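Colleague: Below you will find the structure I want to go over with you.
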Amino acid sequence: MLRRLIIEMGMGVDQHGQEPTVACARAVRNAIAHNALPGVWEVAGLTDPDQMVVEVRVAVPYPEQVRVEEVLAVLPFGQKSLQVEAGGMIVHGRAIPGLQDRNDEMLVAVAAVTVWVEVT
């Protein structure tokens, strides 16, 4: 039976470029940035970190543009999945042509990363 071990939340922004994938990847990276999971081995008894099931849920503007594999590549281990939904925030800043901005939108994404382990 799978049991949740940890849920971490994060936030990411793409200030220039208007790329929801970048904002999502940053949100996931932020969520996992300060974690150590010794319980995966010491409590759950896993022998390989890829035995973890890692479910990611992100909310971002323009969810249909998110490149799933690029976001999941942020996670170093686990059996990974990603659910993308509309949400996050658009903040209007300043378009800078030298940064290839298409408009003045800054995209904000939020992420929740849940790690599940098999418990017998």
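Ordering of the structure tokens sets the chain letters (A, B, ...), residue numbers begin anew at 1 in every chain, and ligands are numbered from 1 in the order given.
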List as an MDAnalysis selection string the protein and nucleic acid residues near Arg26 (chain A), meaning an atom at most 8 Å away when only C-alpha atoms are counted, but skip any in the same chain fewer than 6 places from it.

Modeller: chainID A and resid 11:13

Colleague: Going by DSSP on the backbone, which bits of region 47-119 of chain A are alpha helix (DSSP H)? Write them as a ChimeraX atom specification, please.

Modeller: /A:68-72

Colleague: Considering only C-alpha atoms, state which residue in the set A:Leu37, A:Val56, A:Ala44, A:Ala73 is at the smallest distance from Thr120 (chain A).

Modeller: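 The closest residue to Thr120 (chain A) is A:Ala44.
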
Colleague: Could you list, as an NGL selection string, every residue within 8 Å of region 101-112 of chain A, counting only C-alpha atoms and ignoring same-chain residues fewer than 5 positions away?

Modeller: :A and (7-20 or 23-24 or 27-28 or 31 or 56-61 or 87-96)

Colleague: Excluding same-chain residues fewer than 4 positions from Leu82 (chain A), what lies within 10 Å of it counting only C-alpha atoms, as a PyMOL selection string?

Modeller: chain A and resi 54-58+68-69+71-72+113

Colleague: To test your reading of the structure, identify every residue in chain A that backbone DSSP assigns to strand (DSSP E or B), and report it as a PyMOL selection string.

Modeller: chain A and resi 2-14+53-60+79-86+89-92+105-118

Colleague: Can you measure CA of Gln51 (chain A) to CA of Glu64 (chain A) for me? One decimal in Å is fine.

Modeller: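 Atom-to-atom, CA of Gln51 (chain A) and CA of Glu64 (chain A) are spaced 29.3 Å apart.
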
Colleague: Between A:Asp48, A:Glu118, A:Glu85, A:Glu70, which is the closest to Arg3 (chain A) once you count only C-alpha atoms?

Modeller: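 Of the candidates, the smallest distance to Arg3 (chain A) is held by A:Glu118.
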
Colleague: Using only C-alpha atoms for the distances, tell me which of A:Leu5, A:Leu75, A:Asp50, A:Arg67 is nearest to Asn30 (chain A).

Modeller: A:Leu75

Colleague: Smallest atom-to-atom distance to Val74 (chain A): which of A:Ala86, A:Ile6, A:Val22, A:Met1, using only C-alpha atoms?

Modeller: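 The shortest atom-to-atom distance to Val74 (chain A) comes from A:Val22.
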